[in-house]
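This report refers to the structure that appears directly beneath it.
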Amino acid sequence: MLLFTPGPTPTPEFIRHAMNAPSIHHRTPEFEKMFAFCKESLIAFLDMNEAIMLASSGTGAMEACMLSLCAKKALIINSGKFGERFTKIAKAFNIPFCEIKNEWDTSANVDDVIDALKKNPDIDCVFLQACESAGGLRHPFEEIAEEVKNINKDIMVVIDCITALGVEFIDTHYIDALIGGSQKAFMLPPGLSFIGLSEAAIERIEHRNVGYYFNLKSELKNQRKNTTAYTPTINLIAGFAKYLEKVQFIGFAEVYRQTKARALATQEALKAVGLKIYPKIPCLAMTTIIHEQYAESIRKVLKNDFALNIAGGQDHLKGKIFRINHMGLIEPHEAVWVVNALEYTLDILGIRRFDGICNSIFMQYYYNCMNYNKE
Ligand SMILES: *Cc1c(COP(=O)(O)O)cnc(C)c1O
């Protein structure tokens, strides 16, 4: 079965192999060396002051950031399931918040953020996704982050980059906390999350000193010495080290270029057979198609006839959309197989005759994006 869901993504053999090594103990120089490599690579890759690794899925890091950084009131951008998750965390901990809520195909806009900050001068923390995976949209998070900092540099900007890290270059200049997770572009099994921190975020974390398992102050203190407060996900960190080695060898810029080429080629191929992209501003991590009538049948045929697993929708979009992953290191022949299989599926369902146009458009866009024709 080909796994093409926007998380979890398939774990390639070179990473599985690294995680298969005999277990080592975490209070040892061997582990500390591996941890140091991951942490330093992460700090350099994010271009931030510190980076923390937690033994949790991405949501753990979201919770840790909200607890540690929000002292008064949160502003939460909610254009889907993951934005909504920040509101649920706030409710669970009785943290006051206001919310900018949009339909799942609609990105936040800067003016609404400015407006909310003016009306609520007690907001000290802003939370949003880089890519909201519920509908596959991209928020203008760079613009929002910069504007928040222009208004008041003491407001913490927290960006959930779980489906943007390793997908595209992220300018962290105006970001205080950046959240990542293992099972998306890093192609690891779930269970390891990441937080990149600015100097201002570190100050607030150390001043507040809240939480127990997710106490970022004690994690910072330990992780600066290349150890962790509690038992880390040793094998996942071994796999992460391998991912970093591999991508440092290929070059992050090259991985971004390939991901963008796959995403744009897929979008164009699917548009050519009359399919409709759901979000108004799509992210590069996944392609989301809305097909109210056939989304579920399309997914079923792909799974049963083509051994291809893609994601559906949740809540009110259940049965109405499907999402195809572009995160991680994916061979072009696998990506083109997906659009081919989809085009065939439309034929099987009697929606459109197969003529191979998806394959042709995908290849044209892919080669164009990769500039192969200019060499
Ligand atoms: C996958 C994902 C998460 C994390 O979810 P977990 O199940 O806790 O790993 C958070 N935000 C976004 C945007 C995601 O895509």
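Following the order of the structure tokens, chains are lettered A, B, ..., residues in each are numbered from 1, and ligands are numbered from 1.
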Need the shell around Leu128 (chain A): protein/DNA/RNA residues with any atom at most 7 Å away, counting only C-alpha atoms. Skip same-chain ones fewer than 3 positions apart. Format as a list in words?
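Near Leu128 (chain A), the qualifying residues are Ile76, Ile77, Gly83, Val158, Ile159 and Asp160 of chain A.
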Limited to N, CA, C and O atoms, could you put the picked residues into a file as a compact mmCIF listing (two decimals), in the first residue's frame?
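And here's result-v8.txt as it stands now:
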```
# COMPACT_ATOMS: atom_id res chain seq x y z
N ILE A 76 -6.13 33.37 18.74
CA ILE A 76 -6.00 32.11 18.01
C ILE A 76 -6.65 32.22 16.63
O ILE A 76 -7.79 32.65 16.51
N ILE A 77 -5.89 31.83 15.63
CA ILE A 77 -6.42 31.83 14.26
C ILE A 77 -6.94 30.44 13.96
O ILE A 77 -6.19 29.45 14.07
N GLY A 83 -6.17 24.76 14.01
CA GLY A 83 -6.37 26.05 14.66
C GLY A 83 -7.34 25.86 15.83
O GLY A 83 -7.13 26.36 16.93
N VAL A 158 3.53 32.40 18.02
CA VAL A 158 3.72 30.94 18.01
C VAL A 158 3.17 30.38 16.71
O VAL A 158 1.99 30.54 16.40
N ILE A 159 4.02 29.74 15.93
CA ILE A 159 3.57 29.18 14.65
C ILE A 159 3.69 27.66 14.67
O ILE A 159 4.79 27.11 14.87
N ASP A 160 2.57 27.00 14.43
CA ASP A 160 2.56 25.55 14.25
C ASP A 160 2.99 25.29 12.80
O ASP A 160 2.22 25.51 11.87
```
Please extract the residues at most 6 Å from ligand 1, counting only C-alpha atoms and all ligand atoms, and provide them as number ranges by chain, using the chain letters and residue numbers of this document.
A: 7, 57-59, 82, 129, 131-133, 160, 162-163
With C-alpha atoms kept, could you save the residues just selected as a PDB file, in the first residue's frame?
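Written out: again-v5.pdb:
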```
ATOM      1  CA  GLY A   7       0.826  12.667   8.012  1.00  0.00           C
ATOM      2  CA  SER A  57       3.183  14.036  19.048  1.00  0.00           C
ATOM      3  CA  GLY A  58       2.857  17.581  17.709  1.00  0.00           C
ATOM      4  CA  THR A  59      -0.062  18.434  19.963  1.00  0.00           C
ATOM      5  CA  PHE A  82      -5.576  22.392  14.010  1.00  0.00           C
ATOM      6  CA  GLN A 129      -0.579  27.387  11.687  1.00  0.00           C
ATOM      7  CA  CYS A 131      -0.278  25.387   6.899  1.00  0.00           C
ATOM      8  CA  GLU A 132      -3.676  24.365   8.229  1.00  0.00           C
ATOM      9  CA  SER A 133      -3.812  20.703   7.284  1.00  0.00           C
ATOM     10  CA  ASP A 160       2.559  25.554  14.251  1.00  0.00           C
ATOM     11  CA  ILE A 162       4.146  20.911  11.584  1.00  0.00           C
ATOM     12  CA  THR A 163       3.206  20.684   7.894  1.00  0.00           C
TER      13      THR A 163
END
```
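With only C-alpha atoms as the atoms that count, the minimum distance from Gly356 (chain A) to the choices A:Ala311, A:Asn222, A:Ala269, A:Phe306 is reached by A:Ala269.
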Could you tell me which of A:Thr259, A:Asn325, A:Asn78, A:Thr227 comes closest to Thr287 (chain A) if we count only C-alpha atoms?
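Of the candidates, the smallest distance to Thr287 (chain A) is held by A:Asn325.
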Which is closest to Pro282 (chain A) among A:Ala238, A:Leu302, A:Leu264, A:Cys358, if we use only C-alpha atoms?
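Closest to Pro282 (chain A) of all the choices is A:Leu264.
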Would you give me, as a PyMOL selection string, the residues in region 31-193 of chain A that DSSP reads as helix (DSSP H, G or I)?
chain A and resi 31-46+58-69+81-92+110-119+141-151
In terms of the shortest atom-to-atom distance over only C-alpha atoms, which of A:Ile52, A:Ala64, A:Ile281, A:Val157 is closest to Pro140 (chain A)?
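Residue with the minimum atom-to-atom distance to Pro140 (chain A): A:Ile281.
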Mind checking which residues fall within 8 Å of Trp104 (chain A), counting only C-alpha atoms, ignoring those fewer than 4 positions away in the same chain, and posting them as a ChimeraX atom specification?
/A:79-80,134-135,137,279
Show me, as a PyMOL selection string, the residues that have an atom within 8 Å of Ile234 (chain A) when counting only C-alpha atoms, minus same-chain residues fewer than 4 positions from it.
chain A and resi 23-24+26+31+238
Between CA of Leu284 (chain A) and CA of Leu3 (chain A) lies a distance of 17.5 Å
So that I can check the secondary structure, give me every residue of region 113-315 of chain A assigned strand (DSSP E) by backbone DSSP, as an NGL selection string.
:A and (123-129 or 131-132 or 137-138 or 156-160 or 177-181 or 193-197 or 276-277 or 286-290 or 308-309)
